[in-house]
Structure formats: C-alpha cells, structure tokens
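Structure file run_30.txt; described as compact mmCIF, C-alpha atoms and all ligand atoms.
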# COMPACT_ATOMS: atom_id res chain seq x y z
CA MET T 1 70.27 86.11 90.80
CA GLU T 2 69.56 88.89 88.32
CA ASP T 3 73.06 88.73 86.87
CA LYS T 4 72.59 85.13 85.91
CA ALA T 5 71.82 84.24 82.31
CA GLN T 6 68.18 84.18 81.18
CA LYS T 7 65.98 82.83 83.93
CA LYS T 8 63.91 80.77 81.55
CA ASP T 9 64.84 79.15 78.32
CA ILE T 10 62.07 77.68 76.24
CA GLN T 11 62.89 75.27 73.48
CA LYS T 12 60.69 73.27 71.14
CA HIS T 13 62.03 69.92 70.17
CA GLY T 14 60.76 66.99 68.22
CA ALA T 15 59.95 64.40 70.84
CA GLY T 16 61.93 61.19 71.06
CA PRO T 17 60.94 57.67 70.24
CA THR T 18 58.26 57.54 72.93
CA SER T 19 56.04 60.08 71.17
CA PRO T 20 57.29 60.38 67.64
CA ASN T 21 54.92 63.00 66.27
CA ALA T 22 54.46 65.48 69.04
CA LEU T 23 56.39 68.71 69.52
CA GLN T 24 57.17 69.13 73.18
CA THR T 25 58.16 72.30 74.91
CA ILE T 26 61.18 71.96 77.16
CA VAL T 27 61.47 74.81 79.62
CA VAL T 28 64.84 75.18 81.32
CA ARG T 29 64.66 77.50 84.30
CA GLU T 30 66.54 78.31 87.47
CA PHE T 31 65.89 76.17 90.52
CA GLU T 32 63.19 77.28 92.95
CA PRO T 33 62.96 75.95 96.55
CA ALA T 34 59.72 74.08 95.76
CA ASP T 35 61.66 71.96 93.21
CA GLN T 36 63.90 70.45 95.89
CA PRO T 37 62.09 67.10 96.41
CA GLU T 38 61.79 66.42 92.66
CA VAL T 39 65.40 67.41 92.01
CA GLN T 40 66.59 65.13 94.82
CA ARG T 41 64.47 62.25 93.51
CA ILE T 42 65.71 62.56 89.92
CA PHE T 43 69.32 62.84 91.08
CA TYR T 44 69.00 59.91 93.50
CA GLU T 45 67.36 57.58 90.96
CA GLY T 46 69.80 58.58 88.21
CA LEU T 47 72.78 57.87 90.42
CA MET T 48 71.43 54.53 91.65
CA GLU T 49 71.27 53.45 87.98
CA MET T 50 75.04 53.56 88.08
CA VAL T 51 75.11 50.54 90.40
CA PRO T 52 74.40 47.87 87.73
CA ASP T 53 76.23 50.03 85.18
CA THR T 54 79.42 49.92 87.28
CA ALA T 55 79.04 46.33 88.50
CA PHE T 56 78.19 44.64 85.19
CA ARG T 57 78.80 46.92 82.20
CA GLY T 58 82.01 48.16 83.85
CA LEU T 59 83.44 44.64 83.85
CA ARG T 60 83.90 44.80 80.09
CA HIS T 61 86.00 47.94 80.44
CA HIS T 62 88.46 46.57 82.98
CA PRO T 63 90.58 43.71 81.61
CA GLU T 64 92.79 44.02 84.71
CA SER T 65 89.79 43.04 86.88
CA LEU T 66 89.02 40.07 84.61
CA LEU T 67 92.64 38.98 84.94
CA LEU T 68 92.42 39.27 88.71
CA TYR T 69 89.23 37.15 88.81
CA ALA T 70 90.84 34.54 86.55
CA THR T 71 93.86 34.40 88.87
CA ILE T 72 91.61 34.00 91.92
CA THR T 73 89.81 31.16 90.11
CA VAL T 74 93.04 29.31 89.31
CA VAL T 75 94.42 29.78 92.85
CA SER T 76 91.10 28.57 94.34
CA LEU T 77 91.18 25.51 92.09
CA VAL T 78 94.76 24.68 93.05
CA ILE T 79 94.04 25.10 96.77
CA SER T 80 90.62 23.44 96.96
CA MET T 81 90.72 21.06 93.97
CA CYS T 82 86.98 21.41 94.17
CA TRP T 83 85.13 22.10 90.91
CA TRP T 84 81.91 23.27 92.50
CA VAL T 85 83.84 26.08 94.24
CA ILE T 86 85.08 27.16 90.81
CA GLY T 87 81.54 26.94 89.43
CA LEU T 88 80.33 29.29 92.14
CA LEU T 89 83.05 31.88 91.63
CA PRO T 90 81.42 33.84 88.75
CA ALA T 91 78.26 34.25 90.86
CA ILE T 92 80.35 35.34 93.85
CA VAL T 93 82.23 37.86 91.69
CA LEU T 94 79.01 39.34 90.26
CA CYS T 95 77.39 39.55 93.71
CA GLY T 96 80.57 41.12 95.12
CA ARG T 97 80.70 43.68 92.32
CA TYR T 98 77.03 44.55 92.78
CA PHE T 99 77.37 44.81 96.56
CA TYR T 100 80.48 47.01 96.53
CA SER T 101 79.25 49.21 93.65
CA ARG T 102 76.06 49.79 95.59
CA ARG T 103 77.98 50.54 98.76
CA VAL T 104 80.35 53.05 97.17
CA ILE T 105 77.65 54.79 95.12
CA HIS T 106 75.40 54.90 98.15
CA GLY T 107 78.26 56.49 100.13
CA TYR T 108 78.73 59.08 97.41
CA LEU T 109 74.98 59.78 97.34
CA LYS T 110 74.89 60.15 101.11
CA GLN T 111 77.64 62.76 100.91
CA ALA T 112 75.94 64.67 98.10
CA MET T 113 72.52 64.48 99.75
CA SER T 114 73.88 65.92 102.98
CA ARG T 115 75.87 68.69 101.26
CA ASP T 116 74.95 70.48 98.05
CA MET T 117 71.74 68.55 97.37
CA ALA T 118 70.51 69.25 100.91
CA ASP T 119 70.84 73.00 100.46
CA ILE T 120 70.57 73.65 96.73
CA GLU T 121 69.53 77.26 97.27
CA GLY T 122 72.54 78.04 99.47
CA PHE T 123 75.08 75.98 97.55
CA TYR T 124 74.22 76.84 93.96
CA MET T 125 71.87 79.82 93.85
CA LYS T 126 73.61 82.10 96.34
CA SER T 127 77.15 81.49 95.13
CA PRO T 128 78.24 83.91 92.44
CA GLY T 129 79.15 82.12 89.22
CA SER T 130 77.25 78.93 90.11
CA CYS T 131 73.68 77.87 89.37
CA LEU T 132 71.33 74.90 89.19
CA TRP T 133 68.60 74.58 86.58
CA VAL T 134 65.64 72.29 86.14
CA ALA T 135 64.03 71.21 82.89
CA GLU T 136 60.26 71.08 82.70
CA LEU T 137 58.12 69.19 80.23
CA GLU T 138 54.45 70.13 80.37
CA GLY T 139 54.92 71.72 83.77
CA GLN T 140 56.65 68.72 85.29
CA VAL T 141 60.25 68.81 86.49
CA VAL T 142 62.03 66.11 84.47
CA GLY T 143 65.72 66.98 84.59
CA VAL T 144 68.44 68.78 86.46
CA VAL T 145 71.92 70.19 85.86
CA ALA T 146 74.26 72.43 87.84
CA ALA T 147 77.27 74.61 87.15
CA VAL T 148 79.89 75.31 89.80
CA ASN T 149 82.56 77.94 89.68
CA GLN T 150 85.97 76.23 89.82
CA GLN T 151 87.96 78.57 92.01
CA LYS T 152 91.13 76.45 91.80
CA SER T 153 91.32 76.37 88.01
CA GLY T 154 90.82 80.00 87.00
CA GLY T 155 88.29 80.63 84.28
CA ALA T 156 86.66 77.20 84.44
CA ILE T 157 83.18 76.15 85.42
CA GLU T 158 82.18 72.56 86.19
CA LEU T 159 79.03 70.96 84.82
CA LYS T 160 77.60 68.68 87.52
CA ARG T 161 74.53 66.70 88.52
CA MET T 162 73.28 66.15 84.95
CA CYS T 163 70.30 63.85 85.26
CA VAL T 164 67.03 63.29 83.40
CA ASP T 165 64.04 61.36 84.74
CA ARG T 166 64.12 57.90 83.18
CA GLU T 167 60.59 58.28 81.77
CA PHE T 168 61.55 61.40 79.78
CA ARG T 169 64.82 60.41 78.21
CA ARG T 170 65.72 60.73 74.52
CA ARG T 171 63.59 63.88 74.16
CA ARG T 172 66.56 66.28 74.06
CA VAL T 173 66.12 67.29 77.70
CA GLY T 174 69.77 66.49 78.52
CA ASP T 175 70.86 68.46 75.47
CA ALA T 176 68.75 71.48 76.52
CA LEU T 177 70.22 71.35 80.04
CA GLY T 178 73.78 71.08 78.71
CA ARG T 179 73.22 74.03 76.40
CA LYS T 180 71.98 76.08 79.33
CA VAL T 181 75.29 75.52 81.13
CA LEU T 182 77.21 76.53 78.00
CA GLU T 183 75.14 79.72 77.63
CA PHE T 184 75.82 80.50 81.28
CA ALA T 185 79.55 80.00 80.70
CA VAL T 186 79.45 82.39 77.71
CA THR T 187 77.47 85.05 79.61
CA HIS T 188 79.79 84.83 82.62
CA ARG T 189 82.91 84.84 80.45
CA TYR T 190 84.28 81.51 81.59
CA SER T 191 87.03 80.09 79.37
CA TYR T 192 86.29 76.42 79.90
CA VAL T 193 83.48 74.12 80.94
CA VAL T 194 84.77 70.91 82.50
CA LEU T 195 83.08 67.79 83.79
CA GLY T 196 83.94 64.34 85.05
CA THR T 197 81.95 61.14 84.81
CA THR T 198 82.39 57.50 85.76
CA THR T 199 79.41 56.25 83.80
CA TYR T 200 79.95 53.52 81.20
CA LYS T 201 76.69 54.30 79.42
CA PRO T 202 77.54 55.38 75.89
CA GLY T 203 74.52 57.74 75.83
CA ALA T 204 76.02 60.14 78.40
CA HIS T 205 79.34 60.27 76.54
CA GLN T 206 77.53 60.88 73.25
CA LEU T 207 75.51 63.67 74.85
CA TYR T 208 78.66 65.46 76.06
CA GLN T 209 80.49 64.94 72.78
CA GLY T 210 77.45 66.21 70.88
CA LEU T 211 77.58 69.39 72.97
CA GLY T 212 81.20 69.88 71.90
CA PHE T 213 83.09 68.41 74.87
CA ARG T 214 86.32 66.52 74.23
CA CYS T 215 87.68 63.81 76.49
CA VAL T 216 90.99 65.15 77.84
CA GLY T 217 91.95 62.33 80.17
CA VAL T 218 90.90 59.11 81.83
CA THR T 219 91.80 58.08 85.39
CA ASN T 220 91.69 54.31 85.79
CA GLY T 221 90.98 53.22 89.36
CA HIS T 222 89.44 56.57 90.31
CA VAL T 223 88.67 56.85 94.03
CA THR T 224 85.03 57.86 94.35
CA PRO T 225 84.34 60.37 97.14
CA GLY T 226 82.71 58.47 100.02
CA ALA T 227 84.54 55.20 99.24
CA LYS T 228 86.18 53.37 102.14
CA VAL T 229 89.01 51.87 100.06
CA SER T 230 89.15 48.41 101.69
CA TRP T 231 90.86 45.51 99.86
CA LEU T 232 87.48 43.91 99.07
CA GLU T 233 86.36 47.20 97.56
CA TRP T 234 89.60 47.30 95.60
CA ILE T 235 88.80 43.85 94.17
CA PHE T 236 85.15 44.41 93.38
CA TYR T 237 84.85 48.12 92.65
CA ARG T 238 86.92 49.73 89.95
CA VAL T 239 85.90 52.68 87.79
CA ARG T 240 87.29 54.94 85.15
CA HIS T 241 86.85 58.66 85.51
CA HIS T 242 86.53 60.45 82.18
CA HIS T 243 87.56 64.10 82.19
CA TYR T 244 85.83 66.27 79.60
CA SER T 245 86.57 69.86 78.66
CA LEU T 246 85.08 72.40 76.30
CA SER T 247 86.69 75.66 75.25
CA VAL T 248 83.93 78.26 75.48
CA LYS T 249 85.53 80.57 72.91
CA HIS T 250 85.50 77.85 70.26
CA SER T 251 82.11 76.42 71.15
CA GLN T 252 79.12 76.46 68.84
CA ILE T 253 77.09 78.37 71.45
CA ALA T 254 79.64 81.21 71.47
CA SER T 255 79.59 81.42 67.69
CA GLU T 256 75.77 81.50 67.75
CA GLY T 257 76.18 84.77 69.68
CA HIS T 258 74.74 83.91 73.11
C1 LIG T 301 72.70 60.92 80.06
C2 LIG T 301 71.32 61.58 80.16
C3 LIG T 301 71.45 62.87 80.97
C4 LIG T 301 70.84 61.90 78.74
O1 LIG T 301 69.62 62.64 78.83
P1 LIG T 301 68.55 62.63 77.65
O2 LIG T 301 67.57 63.71 77.92
O3 LIG T 301 68.01 61.27 77.47
O4 LIG T 301 69.46 63.00 76.39
P2 LIG T 301 68.97 63.73 75.05
O5 LIG T 301 67.65 63.22 74.61
O6 LIG T 301 69.10 65.21 75.21
O7 LIG T 301 70.07 63.21 74.02
C5 LIG T 301 70.99 64.09 73.37
C6 LIG T 301 72.00 63.22 72.62
O8 LIG T 301 72.75 62.43 73.55
C7 LIG T 301 72.95 61.11 73.01
N1 LIG T 301 72.19 60.12 73.82
C8 LIG T 301 71.47 60.36 74.94
N2 LIG T 301 71.00 59.21 75.45
C9 LIG T 301 71.42 58.22 74.63
C10 LIG T 301 71.26 56.79 74.65
N3 LIG T 301 70.57 56.17 75.60
N4 LIG T 301 71.84 56.09 73.65
C11 LIG T 301 72.55 56.70 72.69
N5 LIG T 301 72.74 58.06 72.61
C12 LIG T 301 72.18 58.79 73.58
C13 LIG T 301 72.43 61.13 71.60
O9 LIG T 301 73.50 61.55 70.76
C14 LIG T 301 71.36 62.23 71.68
O10 LIG T 301 71.13 62.86 70.45
P3 LIG T 301 70.02 62.24 69.44
O11 LIG T 301 68.78 62.08 70.24
O12 LIG T 301 69.94 63.27 68.37
O13 LIG T 301 70.57 60.93 68.97
C15 LIG T 301 70.28 60.60 80.82
O14 LIG T 301 70.34 59.38 80.13
C16 LIG T 301 70.49 60.39 82.30
O15 LIG T 301 70.03 61.17 83.12
N6 LIG T 301 71.19 59.29 82.69
C17 LIG T 301 71.41 58.96 84.12
C18 LIG T 301 72.38 59.88 84.81
C19 LIG T 301 73.66 60.04 84.03
O16 LIG T 301 74.20 59.09 83.48
N7 LIG T 301 74.14 61.31 83.97
C20 LIG T 301 75.30 61.68 83.17
C21 LIG T 301 76.56 61.17 83.70
S1 LIG T 301 77.21 62.08 85.01
Render the structure in this file as structure tokens.
Amino acid sequence: MEDKAQKKDIQKHGAGPTSPNALQTIVVREFEPADQPEVQRIFYEGLMEMVPDTAFRGLRHHPESLLLYATITVVSLVISMCWWVIGLLPAIVLCGRYFYSRRVIHGYLKQAMSRDMADIEGFYMKSPGSCLWVAELEGQVVGVVAAVNQQKSGGAIELKRMCVDREFRRRRVGDALGRKVLEFAVTHRYSYVVLGTTTYKPGAHQLYQGLGFRCVGVTNGHVTPGAKVSWLEWIFYRVRHHHYSLSVKHSQIASEGH
C-alpha cells in the first residue's frame, strides 16, 4: 500500500450546524481490518435510507409513474364502480412503492455485503489502483468512501460507497472523503473520476457538484443490481441513475498541486 497517496489526511473544518463554534479535526485514513464492522454499519444504514427516498421522494421525479397510477385508478373505477376501492389506491401505491424499494435495495445490499463489503481488505486494499478510506472524528469512524480502478474505461477511477454516519453529517466529512478520492486520482494519474447515484437527495448531488463533478447523463428506469425485474417491481420501483464525471486535469485539486 506504500504507493498509495498519503495514508492519513488531517483536515480542520468549522463544524456544521450541530456544533457551530467548535473546530473539529477530520482524519481521513486508509481502511484497516478493525474498521470493518463500523464501515459495514455506516454503509448499511446509509443505503437503507434510500428506501423512503426512492419510494416517496422519487415519486415526484417520475411523472410517468404518476400517470400509470392515475390510469390504474381510472381503470379500477370503471371496473369496480366502487369509490372506497379508489380511496384505498393511494395507500396501496405508497405501500407497494415502499415494499418494492425495500426489496430491491435490500437485494443490492445483500450483494454488496457478500462481495466487496465482506472482504474490504482483499477487494480494495490489495488491488492496485483501488482503495477504501475512512473518516474519523475524534477517533471515531464516521464515514467511508472507496475508489475502484475502472479497467474497462481506460484512465478512469470510480468513486463508490460514499457514506457518512447520520449523526455526523453537515460537518464536511463527505467533502473531505471526496477530496481524498480526487487526490488519489491525481497521484495515480487517472484522467477521470466517475460515479453513479440513484439518490434523490439534493445534498448528495450538491456535494458532488461542489467537488467539481458534472452530471454527464441520466438513465431513467435504471436496473439496480440485485433487482428481480418482475412486473410488480416495474410498477412500484423506478429510479434514475445519474452519471457524474470529473476531469482530473481540470480539477481544483490538480491545480492546487496535489
Ligand atoms: C451525501 C452525504 C455523503 C453527505 O455527507 P456530509 O458529510 O453530510 O456532507 P458535507 O458536510 O461534507 O457537505 C459538503 C457539501 O455538500 C452539500 N450537502 C451535503 N449534505 C447536504 C444536505 N443535507 N442538504 C444540502 N446540501 C448538502 C453542501 O453543498 C455541503 O457544503 P456546505 O456545508 O458548505 O453547504 C451524506 O448525507 C450521506 O452519507 N448520505 C447517505 C448516503 C448517500 O446518499 N450517499 C451518496 C449517494 S451514493
């Protein structure tokens, strides 16, 4: 691991809204095997937050789904002529969306937890050009991010697994982790850093844009790895995959001389 960029990166940041006056030291360092349970917990909890995000917030972003639900409502009314069935439909739709979002995201988590997140050392730390870092605040692991060499697209590295413990958000931990990946990309002479996300939370998009990423494409109806793609899932689970890219040469980090 000696060829990897700085093992430890210490940054002082003004704390976020939860402790307005304090200066907190964020330490970003390479993963160590003892971090595994905390990293898995933070990743698991962060991903499970995407269930309500996808089921409820996502609804606003998919007019085609709203149209489908309206059509189902009209057809049900015509067939049943029963108003109480129509009254129940919004609740059925919301329950269906929650259930299928949970099922798909759980399937994705199961895959991740049995692959890279089960063997972080082997997957990230022993592969040349890849790495996983943790962020510490006052000695406690509070965030995680990984970078994976993209063998298929030459010269690109993928930022993955970005997640900050809910209790420690808005303290620039995500920013410090993102910067670490960019420094790594500069040191290892990657041309691009890419990432994909299906979150609808504006905060994550603002974080990536603040780091210099630009959205280069959106896939509507993205098939999440681990999904079973049944027709009920097709009705109740629909996400957009945002593709982000950053040119390392033109990034702020490169011009700062890292
Ligand atoms: C997205 C996430 C990593 C952000 O981590 P964080 O440590 O809270 O982010 P930071 O404090 O470093 O914020 C950096 C910038 O991102 C933006 N940002 C982050 N969270 C935000 C929020 N909730 N609302 C608005 N902007 C937000 C802001 O521009 C912020 O800069 P500012 O504080 O100067 O306004 C964190 O919310 C998280 O882990 N979410 C769950 C998992 C997830 O969604 N991962 C990313 C998608 S794959």
Hey, which bits of chain T sit within 7 Å of ligand LIG 301 (chain T), and for each residue what's the closest pair of atoms and how far apart in Å (one decimal), counting only C-alpha atoms and all ligand atoms, rows by chain and increasing number, as a Markdown table?
| residue | atom | partner | partner_atom | distance |
| --- | --- | --- | --- | --- |
| T:Gly16 | CA | T:LIG301 | O11 | 7.0 |
| T:Gly46 | CA | T:LIG301 | C17 | 4.4 |
| T:Leu47 | CA | T:LIG301 | C18 | 6.0 |
| T:Glu49 | CA | T:LIG301 | C17 | 6.7 |
| T:Arg161 | CA | T:LIG301 | S1 | 6.4 |
| T:Met162 | CA | T:LIG301 | N7 | 5.0 |
| T:Cys163 | CA | T:LIG301 | O15 | 3.4 |
| T:Val164 | CA | T:LIG301 | O15 | 3.7 |
| T:Asp165 | CA | T:LIG301 | O15 | 6.2 |
| T:Arg166 | CA | T:LIG301 | O15 | 6.8 |
| T:Phe168 | CA | T:LIG301 | O2 | 6.7 |
| T:Arg169 | CA | T:LIG301 | O3 | 3.4 |
| T:Arg170 | CA | T:LIG301 | O5 | 3.2 |
| T:Arg171 | CA | T:LIG301 | O5 | 4.1 |
| T:Arg172 | CA | T:LIG301 | O6 | 3.0 |
| T:Val173 | CA | T:LIG301 | O2 | 3.9 |
| T:Gly174 | CA | T:LIG301 | O2 | 3.6 |
| T:Asp175 | CA | T:LIG301 | O6 | 3.7 |
| T:Ala176 | CA | T:LIG301 | O6 | 6.4 |
| T:Thr197 | CA | T:LIG301 | S1 | 4.8 |
| T:Thr198 | CA | T:LIG301 | S1 | 7.0 |
| T:Thr199 | CA | T:LIG301 | C21 | 5.7 |
| T:Lys201 | CA | T:LIG301 | O16 | 6.8 |
| T:Pro202 | CA | T:LIG301 | C11 | 6.1 |
| T:Gly203 | CA | T:LIG301 | C9 | 3.4 |
| T:Ala204 | CA | T:LIG301 | C1 | 3.8 |
| T:Gln206 | CA | T:LIG301 | C7 | 4.6 |
| T:Leu207 | CA | T:LIG301 | O8 | 3.3 |
| T:Gly210 | CA | T:LIG301 | O9 | 6.1 |
Restricted to C-alpha atoms, what would the selected residues look like written as a PDB file, in the frame of the given file?
ATOM      1  CA  GLY T  16      61.930  61.190  71.060  1.00  0.00           C
ATOM      2  CA  GLY T  46      69.800  58.580  88.210  1.00  0.00           C
ATOM      3  CA  LEU T  47      72.780  57.870  90.420  1.00  0.00           C
ATOM      4  CA  GLU T  49      71.270  53.450  87.980  1.00  0.00           C
ATOM      5  CA  ARG T 161      74.530  66.700  88.520  1.00  0.00           C
ATOM      6  CA  MET T 162      73.280  66.150  84.950  1.00  0.00           C
ATOM      7  CA  CYS T 163      70.300  63.850  85.260  1.00  0.00           C
ATOM      8  CA  VAL T 164      67.030  63.290  83.400  1.00  0.00           C
ATOM      9  CA  ASP T 165      64.040  61.360  84.740  1.00  0.00           C
ATOM     10  CA  ARG T 166      64.120  57.900  83.180  1.00  0.00           C
ATOM     11  CA  PHE T 168      61.550  61.400  79.780  1.00  0.00           C
ATOM     12  CA  ARG T 169      64.820  60.410  78.210  1.00  0.00           C
ATOM     13  CA  ARG T 170      65.720  60.730  74.520  1.00  0.00           C
ATOM     14  CA  ARG T 171      63.590  63.880  74.160  1.00  0.00           C
ATOM     15  CA  ARG T 172      66.560  66.280  74.060  1.00  0.00           C
ATOM     16  CA  VAL T 173      66.120  67.290  77.700  1.00  0.00           C
ATOM     17  CA  GLY T 174      69.770  66.490  78.520  1.00  0.00           C
ATOM     18  CA  ASP T 175      70.860  68.460  75.470  1.00  0.00           C
ATOM     19  CA  ALA T 176      68.750  71.480  76.520  1.00  0.00           C
ATOM     20  CA  THR T 197      81.950  61.140  84.810  1.00  0.00           C
ATOM     21  CA  THR T 198      82.390  57.500  85.760  1.00  0.00           C
ATOM     22  CA  THR T 199      79.410  56.250  83.800  1.00  0.00           C
ATOM     23  CA  LYS T 201      76.690  54.300  79.420  1.00  0.00           C
ATOM     24  CA  PRO T 202      77.540  55.380  75.890  1.00  0.00           C
ATOM     25  CA  GLY T 203      74.520  57.740  75.830  1.00  0.00           C
ATOM     26  CA  ALA T 204      76.020  60.140  78.400  1.00  0.00           C
ATOM     27  CA  GLN T 206      77.530  60.880  73.250  1.00  0.00           C
ATOM     28  CA  LEU T 207      75.510  63.670  74.850  1.00  0.00           C
ATOM     29  CA  GLY T 210      77.450  66.210  70.880  1.00  0.00           C
TER      30      GLY T 210
END
For a quick check of understanding, using all atoms listed in the file, which of T:Thr224, T:His61, T:Lys180, T:Thr73 has the smallest distance to T:His106?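 Among the listed residues, T:Thr224 lies closest to T:His106.
In terms of minimum interatomic distance to T:Val148, T:Met125 ranks closest within T:Ala55, T:Val93, T:Met125, T:Ala135, counting only C-alpha atoms.
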Just how far from atom CA of T:Glu256 is atom CA of T:Gln209, in Å to one decimal?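 Between these atoms lies a distance of 17.9 Å.
Going from atom CA of T:Arg41 to atom CA of T:Leu109 covers 11.5 Å.
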Kindly complete stretch 141-170 of chain T to N, CA and C atoms; the output should be written as a short mmCIF file (atom, residue, chain, number, x, y, z; two decimals), in the coordinates of the input.
data_model
loop_
_atom_site.label_atom_id
_atom_site.label_comp_id
_atom_site.auth_asym_id
_atom_site.auth_seq_id
_atom_site.Cartn_x
_atom_site.Cartn_y
_atom_site.Cartn_z
N VAL T 141 58.78 68.80 86.44
CA VAL T 141 60.25 68.81 86.49
C VAL T 141 60.76 67.43 86.07
N VAL T 142 61.59 67.40 85.01
CA VAL T 142 62.03 66.11 84.47
C VAL T 142 63.56 65.99 84.36
N GLY T 143 64.26 67.07 84.70
CA GLY T 143 65.72 66.98 84.59
C GLY T 143 66.40 68.07 85.40
N VAL T 144 67.68 67.85 85.64
CA VAL T 144 68.44 68.78 86.46
C VAL T 144 69.89 68.85 85.97
N VAL T 145 70.48 70.04 86.11
CA VAL T 145 71.92 70.19 85.86
C VAL T 145 72.41 71.37 86.68
N ALA T 146 73.69 71.33 87.06
CA ALA T 146 74.26 72.43 87.84
C ALA T 146 75.58 72.86 87.23
N ALA T 147 75.97 74.09 87.55
CA ALA T 147 77.27 74.61 87.15
C ALA T 147 77.92 75.20 88.39
N VAL T 148 79.18 74.84 88.60
CA VAL T 148 79.89 75.31 89.80
C VAL T 148 81.18 75.99 89.39
N ASN T 149 81.35 77.17 89.91
CA ASN T 149 82.56 77.94 89.68
C ASN T 149 83.77 77.17 90.24
N GLN T 150 84.77 76.96 89.39
CA GLN T 150 85.97 76.23 89.82
C GLN T 150 87.02 77.23 90.27
N GLN T 151 87.04 77.52 91.55
CA GLN T 151 87.96 78.57 92.01
C GLN T 151 89.43 78.19 91.81
N LYS T 152 89.72 76.87 91.90
CA LYS T 152 91.13 76.45 91.80
C LYS T 152 91.67 76.61 90.39
N SER T 153 90.85 76.22 89.39
CA SER T 153 91.32 76.37 88.01
C SER T 153 90.64 77.60 87.42
N GLY T 154 91.38 78.70 87.40
CA GLY T 154 90.82 80.00 87.00
C GLY T 154 90.15 79.94 85.64
N GLY T 155 88.98 80.52 85.56
CA GLY T 155 88.29 80.63 84.28
C GLY T 155 87.50 79.39 83.89
N ALA T 156 87.40 78.41 84.80
CA ALA T 156 86.66 77.20 84.44
C ALA T 156 85.41 77.05 85.30
N ILE T 157 84.41 76.46 84.69
CA ILE T 157 83.18 76.15 85.42
C ILE T 157 82.93 74.66 85.23
N GLU T 158 82.41 74.01 86.28
CA GLU T 158 82.18 72.56 86.19
C GLU T 158 80.70 72.26 86.01
N LEU T 159 80.41 71.46 85.01
CA LEU T 159 79.03 70.96 84.82
C LEU T 159 78.86 69.75 85.73
N LYS T 160 77.82 69.77 86.55
CA LYS T 160 77.60 68.68 87.52
C LYS T 160 76.14 68.27 87.55
N ARG T 161 75.89 67.13 88.16
CA ARG T 161 74.53 66.70 88.52
C ARG T 161 73.58 66.56 87.33
N MET T 162 74.13 66.32 86.15
CA MET T 162 73.28 66.15 84.95
C MET T 162 72.45 64.88 85.11
N CYS T 163 71.16 65.02 85.09
CA CYS T 163 70.30 63.85 85.26
C CYS T 163 68.91 64.13 84.70
N VAL T 164 68.38 63.16 83.97
CA VAL T 164 67.03 63.29 83.40
C VAL T 164 66.20 62.11 83.89
N ASP T 165 64.98 62.40 84.30
CA ASP T 165 64.04 61.36 84.74
C ASP T 165 63.97 60.28 83.65
N ARG T 166 64.08 59.03 84.10
CA ARG T 166 64.12 57.90 83.18
C ARG T 166 62.97 57.91 82.15
N GLU T 167 61.79 58.30 82.62
CA GLU T 167 60.59 58.28 81.77
C GLU T 167 60.66 59.29 80.63
N PHE T 168 61.56 60.29 80.75
CA PHE T 168 61.55 61.40 79.78
C PHE T 168 62.86 61.50 79.02
N ARG T 169 63.55 60.39 78.92
CA ARG T 169 64.82 60.41 78.21
C ARG T 169 64.63 60.35 76.70
N ARG T 170 65.68 60.70 75.99
CA ARG T 170 65.72 60.73 74.52
C ARG T 170 64.71 61.72 73.96
#
